[in-house]
$ cat work-v1.pdb   # PDB, C-alpha atoms, pLDDT in the B column
ATOM      1  CA  GLN A1261      18.826   2.441   8.049  1.00 84.00           C
ATOM      2  CA  LEU A1262      15.178   1.843   7.309  1.00 86.00           C
ATOM      3  CA  HIS A1263      14.123   1.588   3.692  1.00 90.00           C
ATOM      4  CA  VAL A1264      11.060   0.694   1.689  1.00 93.00           C
ATOM      5  CA  VAL A1265      11.216  -0.101  -2.005  1.00 91.00           C
ATOM      6  CA  GLU A1266       8.160  -0.436  -4.229  1.00 92.00           C
ATOM      7  CA  SER A1267       8.008  -1.906  -7.686  1.00 92.00           C
ATOM      8  CA  GLY A1268       5.518  -3.205 -10.190  1.00 95.00           C
ATOM      9  CA  GLY A1269       3.877  -0.079 -11.515  1.00 95.00           C
ATOM     10  CA  GLY A1270       3.278   0.499 -15.183  1.00 97.00           C
ATOM     11  CA  LEU A1271       0.781   1.151 -17.929  1.00 97.00           C
ATOM     12  CA  VAL A1272      -2.305  -1.015 -18.225  1.00 98.00           C
ATOM     13  CA  GLN A1273      -5.596  -0.836 -20.058  1.00 97.00           C
ATOM     14  CA  THR A1274      -8.924  -0.404 -18.318  1.00 97.00           C
ATOM     15  CA  GLY A1275      -9.951  -3.658 -16.719  1.00 97.00           C
ATOM     16  CA  GLY A1276      -6.382  -4.908 -16.524  1.00 97.00           C
ATOM     17  CA  SER A1277      -4.305  -6.016 -13.574  1.00 98.00           C
ATOM     18  CA  LEU A1278      -1.069  -5.045 -11.896  1.00 98.00           C
ATOM     19  CA  ARG A1279       0.792  -6.373  -8.907  1.00 97.00           C
ATOM     20  CA  LEU A1280       2.785  -3.950  -6.800  1.00 97.00           C
ATOM     21  CA  SER A1281       5.510  -5.153  -4.463  1.00 95.00           C
ATOM     22  CA  CYS A1282       6.875  -3.570  -1.308  1.00 94.00           C
ATOM     23  CA  VAL A1283      10.069  -4.700   0.371  1.00 91.00           C
ATOM     24  CA  PRO A1284      11.008  -3.146   3.722  1.00 89.00           C
ATOM     25  CA  SER A1285      14.592  -3.431   4.919  1.00 84.00           C
ATOM     26  CA  GLY A1286      16.667  -2.407   7.887  1.00 81.00           C
ATOM     27  CA  PHE A1287      14.042  -3.221  10.484  1.00 78.00           C
ATOM     28  CA  THR A1288      15.474  -5.071  13.472  1.00 70.00           C
ATOM     29  CA  GLU A1289      12.133  -6.653  14.253  1.00 71.00           C
ATOM     30  CA  ASP A1290       8.913  -7.213  12.424  1.00 76.00           C
ATOM     31  CA  TYR A1291       7.267  -3.901  11.608  1.00 80.00           C
ATOM     32  CA  HIS A1292       3.979  -2.924  13.164  1.00 87.00           C
ATOM     33  CA  GLY A1293       2.082  -1.646  10.175  1.00 92.00           C
ATOM     34  CA  ILE A1294       2.280  -1.464   6.421  1.00 94.00           C
ATOM     35  CA  GLY A1295       0.121   0.533   4.102  1.00 96.00           C
ATOM     36  CA  TRP A1296      -0.430   1.349   0.475  1.00 97.00           C
ATOM     37  CA  PHE A1297      -1.313   4.918  -0.402  1.00 98.00           C
ATOM     38  CA  ARG A1298      -1.788   6.728  -3.664  1.00 98.00           C
ATOM     39  CA  GLN A1299      -1.620  10.314  -4.828  1.00 97.00           C
ATOM     40  CA  VAL A1300      -2.663  12.236  -7.882  1.00 97.00           C
ATOM     41  CA  PRO A1301      -1.108  15.644  -8.594  1.00 93.00           C
ATOM     42  CA  GLY A1302      -3.118  18.357  -6.927  1.00 94.00           C
ATOM     43  CA  LYS A1303      -4.907  15.971  -4.586  1.00 95.00           C
ATOM     44  CA  GLU A1304      -4.186  14.680  -1.114  1.00 95.00           C
ATOM     45  CA  ARG A1305      -2.580  11.326  -0.578  1.00 95.00           C
ATOM     46  CA  GLU A1306      -5.194   8.682   0.194  1.00 96.00           C
ATOM     47  CA  ALA A1307      -5.037   5.266   1.763  1.00 96.00           C
ATOM     48  CA  VAL A1308      -5.652   2.256  -0.456  1.00 97.00           C
ATOM     49  CA  ALA A1309      -5.041  -0.684   1.870  1.00 97.00           C
ATOM     50  CA  CYS A1310      -3.218  -1.280   5.121  1.00 96.00           C
ATOM     51  CA  PHE A1311      -2.320  -3.899   7.703  1.00 94.00           C
ATOM     52  CA  SER A1312      -2.073  -3.388  11.452  1.00 94.00           C
ATOM     53  CA  ARG A1313      -0.064  -6.130  13.169  1.00 91.00           C
ATOM     54  CA  ARG A1314      -1.307  -5.134  16.587  1.00 91.00           C
ATOM     55  CA  PHE A1315      -4.897  -5.900  15.584  1.00 92.00           C
ATOM     56  CA  ASP A1316      -4.017  -8.425  12.856  1.00 92.00           C
ATOM     57  CA  ILE A1317      -6.369  -6.699  10.452  1.00 93.00           C
ATOM     58  CA  THR A1318      -6.208  -5.627   6.825  1.00 94.00           C
ATOM     59  CA  ASN A1319      -8.339  -2.700   5.747  1.00 95.00           C
ATOM     60  CA  TYR A1320      -9.290  -1.466   2.297  1.00 96.00           C
ATOM     61  CA  ALA A1321     -10.552   1.872   1.085  1.00 95.00           C
ATOM     62  CA  PRO A1322     -14.200   1.871  -0.032  1.00 94.00           C
ATOM     63  CA  PHE A1323     -13.229   2.596  -3.631  1.00 94.00           C
ATOM     64  CA  VAL A1324     -11.316  -0.705  -3.793  1.00 94.00           C
ATOM     65  CA  LYS A1325     -14.640  -2.588  -3.833  1.00 86.00           C
ATOM     66  CA  GLY A1326     -13.048  -6.022  -3.722  1.00 92.00           C
ATOM     67  CA  ARG A1327     -10.742  -5.360  -6.654  1.00 97.00           C
ATOM     68  CA  PHE A1328      -7.462  -5.187  -4.713  1.00 98.00           C
ATOM     69  CA  THR A1329      -5.805  -7.677  -2.400  1.00 97.00           C
ATOM     70  CA  MET A1330      -3.021  -6.836   0.018  1.00 96.00           C
ATOM     71  CA  ALA A1331      -1.008  -9.710   1.423  1.00 93.00           C
ATOM     72  CA  ARG A1332       2.397 -10.756   2.603  1.00 90.00           C
ATOM     73  CA  GLY A1333       4.565 -12.626   0.166  1.00 85.00           C
ATOM     74  CA  LYS A1334       5.151 -16.308   0.744  1.00 80.00           C
ATOM     75  CA  THR A1335       8.892 -15.831   0.933  1.00 72.00           C
ATOM     76  CA  GLY A1336      11.096 -13.063   2.189  1.00 70.00           C
ATOM     77  CA  ASN A1337      10.005  -9.856   3.778  1.00 75.00           C
ATOM     78  CA  GLY A1338       7.846  -8.409   1.069  1.00 88.00           C
ATOM     79  CA  TRP A1339       4.216  -7.512   0.704  1.00 93.00           C
ATOM     80  CA  TYR A1340       2.215  -7.082  -2.451  1.00 95.00           C
ATOM     81  CA  LEU A1341      -0.876  -5.288  -3.637  1.00 97.00           C
ATOM     82  CA  GLN A1342      -2.678  -7.243  -6.321  1.00 97.00           C
ATOM     83  CA  MET A1343      -4.905  -4.905  -8.317  1.00 98.00           C
ATOM     84  CA  ARG A1344      -7.562  -6.184 -10.679  1.00 98.00           C
ATOM     85  CA  GLY A1345     -10.274  -4.440 -12.643  1.00 97.00           C
ATOM     86  CA  LEU A1346      -8.229  -1.259 -12.854  1.00 98.00           C
ATOM     87  CA  GLN A1347     -10.045   1.891 -13.879  1.00 97.00           C
ATOM     88  CA  PHE A1348      -8.823   5.211 -15.199  1.00 96.00           C
ATOM     89  CA  GLU A1349      -9.513   6.685 -11.782  1.00 96.00           C
ATOM     90  CA  ASP A1350      -6.870   4.367 -10.278  1.00 97.00           C
ATOM     91  CA  THR A1351      -4.138   6.241 -12.117  1.00 98.00           C
ATOM     92  CA  ALA A1352      -1.775   7.613  -9.492  1.00 98.00           C
ATOM     93  CA  VAL A1353       1.602   7.266  -7.867  1.00 98.00           C
ATOM     94  CA  TYR A1354       1.356   4.421  -5.381  1.00 98.00           C
ATOM     95  CA  TYR A1355       3.432   4.478  -2.214  1.00 97.00           C
ATOM     96  CA  CYS A1356       4.214   1.802   0.307  1.00 96.00           C
ATOM     97  CA  ALA A1357       4.726   2.931   3.882  1.00 96.00           C
ATOM     98  CA  VAL A1358       5.848   1.098   6.981  1.00 95.00           C
ATOM     99  CA  SER A1359       5.614   1.840  10.682  1.00 93.00           C
ATOM    100  CA  ASP A1360       8.128   0.609  13.234  1.00 89.00           C
ATOM    101  CA  HIS A1361       5.766   1.395  16.121  1.00 88.00           C
ATOM    102  CA  PRO A1362       2.231   0.178  16.875  1.00 88.00           C
ATOM    103  CA  ILE A1363      -0.510   1.775  14.815  1.00 90.00           C
ATOM    104  CA  GLY A1364      -4.248   1.957  15.164  1.00 86.00           C
ATOM    105  CA  ARG A1365      -6.883  -0.497  14.071  1.00 87.00           C
ATOM    106  CA  GLN A1366      -7.893   1.565  11.058  1.00 87.00           C
ATOM    107  CA  CYS A1367      -4.269   2.070   9.954  1.00 89.00           C
ATOM    108  CA  ILE A1368      -5.373   4.470   7.211  1.00 88.00           C
ATOM    109  CA  PHE A1369      -3.681   7.629   8.443  1.00 90.00           C
ATOM    110  CA  SER A1370      -0.453   8.520   6.685  1.00 91.00           C
ATOM    111  CA  SER A1371       0.861  10.158   9.844  1.00 92.00           C
ATOM    112  CA  GLU A1372       1.100   6.734  11.479  1.00 92.00           C
ATOM    113  CA  TYR A1373       3.848   5.635   9.113  1.00 95.00           C
ATOM    114  CA  ASN A1374       7.428   6.778   9.407  1.00 93.00           C
ATOM    115  CA  VAL A1375       9.174   5.075   6.491  1.00 94.00           C
ATOM    116  CA  TRP A1376       8.024   5.679   2.928  1.00 96.00           C
ATOM    117  CA  GLY A1377       9.068   4.333  -0.413  1.00 95.00           C
ATOM    118  CA  GLN A1378       9.788   6.437  -3.456  1.00 95.00           C
ATOM    119  CA  GLY A1379       6.520   5.569  -5.157  1.00 96.00           C
ATOM    120  CA  THR A1380       5.664   3.722  -8.337  1.00 96.00           C
ATOM    121  CA  GLN A1381       3.519   5.101 -11.143  1.00 97.00           C
ATOM    122  CA  VAL A1382       0.349   3.283 -12.142  1.00 98.00           C
ATOM    123  CA  THR A1383      -1.308   4.512 -15.311  1.00 98.00           C
ATOM    124  CA  VAL A1384      -4.602   3.102 -16.548  1.00 97.00           C
ATOM    125  CA  SER A1385      -5.528   3.993 -20.098  1.00 96.00           C
ATOM    126  CA  SER A1386      -9.171   4.470 -20.937  1.00 83.00           C
TER     127      SER A1386
END
$ encode --input "work-v1.pdb" --output "structure tokens"
Amino acid sequence: QLHVVESGGGLVQTGGSLRLSCVPSGFTEDYHGIGWFRQVPGKEREAVACFSRRFDITNYAPFVKGRFTMARGKTGNGWYLQMRGLQFEDTAVYYCAVSDHPIGRQCIFSSEYNVWGQGTQVTVSS
């Protein structure tokens, strides 16, 4: 069974940093795409960063502005999202999603992913 588990959320002050982790499991081969999304109550889920294995490209949302880095961990099967310079507007539930089939170059569409984690809360105090 396919699973994705996120961790690393928490409370941080404006300007602080957090590192989110995502560990997929149950995949019989390397997955084709992995993305970080976030959602605030009452708003649509939006893409934060994503990787498309088919195109070997990592994309970031414009609001990231160089503050976040998405990369694969050095060991194991996990990925992380390193977030620096956090602002109040970054407060949201962050989700990791994985696709077991090829996804597009942009990789920002939530419909491309078929396995989602439970989400981890990130709260930035002003």
$ resolve_selection --input "work-v1.pdb" --expression "the PyMOL selection byres ((chain A and resi 1363) around 9)" --output "number ranges by chain"
A: 1292-1293, 1312-1315, 1359-1362, 1364-1367, 1372-1373
$ residues_around --input "work-v1.pdb" --residues "Ile1368 of chain A" --least-positions-apart "5" --cutoff "10 Å" --atoms "all atoms listed in the file" --output "list of chain:residue names"
A:Ile1294, A:Gly1295, A:Trp1296, A:Phe1297, A:Glu1306, A:Ala1307, A:Val1308, A:Ala1309, A:Cys1310, A:Phe1311, A:Ser1312, A:Asn1319, A:Tyr1320, A:Ala1321, A:Ile1363, A:Tyr1373
$ resolve_selection --input "work-v1.pdb" --expression "the PyMOL selection byres ((chain A and resi 1281) around 9)" --output "ChimeraX atom specification"
/A:1265-1269,1279-1280,1282-1283,1333,1338-1342,1356
$ closest_residue --input "work-v1.pdb" --among "A:Gly1270, A:Gly1345, A:Gly1379, A:Gly1336" --to "Gln1299 of chain A" --atoms "all atoms listed in the file"
A:Gly1379
$ atom_distance --input "work-v1.pdb" --atom1 "atom CA of Val1382 of chain A" --atom2 "atom CA of Thr1274 of chain A"
11.7 Å
$ atom_distance --input "work-v1.pdb" --atom1 "atom CA of Leu1271 of chain A" --atom2 "atom CA of Ala1357 of chain A"
22.2 Å
$ resolve_selection --input "work-v1.pdb" --expression "the PyMOL selection byres ((chain A and resi 1344) around 9)" --output "ChimeraX atom specification"
/A:1275-1279,1326-1329,1342-1343,1345-1346
$ write_last_selection --input "work-v1.pdb" --atoms "C-alpha atoms" --output "CSV table (one decimal), in the coordinates of the input"
chain,number,residue,atom,x,y,z
A,1275,GLY,CA,-10.0,-3.7,-16.7
A,1276,GLY,CA,-6.4,-4.9,-16.5
A,1277,SER,CA,-4.3,-6.0,-13.6
A,1278,LEU,CA,-1.1,-5.0,-11.9
A,1279,ARG,CA,0.8,-6.4,-8.9
A,1326,GLY,CA,-13.0,-6.0,-3.7
A,1327,ARG,CA,-10.7,-5.4,-6.7
A,1328,PHE,CA,-7.5,-5.2,-4.7
A,1329,THR,CA,-5.8,-7.7,-2.4
A,1342,GLN,CA,-2.7,-7.2,-6.3
A,1343,MET,CA,-4.9,-4.9,-8.3
A,1345,GLY,CA,-10.3,-4.4,-12.6
A,1346,LEU,CA,-8.2,-1.3,-12.9
$ closest_residue --input "work-v1.pdb" --among "A:Gln1381, A:Asn1337, A:Gln1347, A:Asn1374" --to "Leu1262 of chain A" --atoms "only C-alpha atoms"
A:Asn1374
$ atom_distance --input "work-v1.pdb" --atom1 "atom CA of Ser1385 of chain A" --atom2 "atom CA of Ala1352 of chain A"
11.8 Å
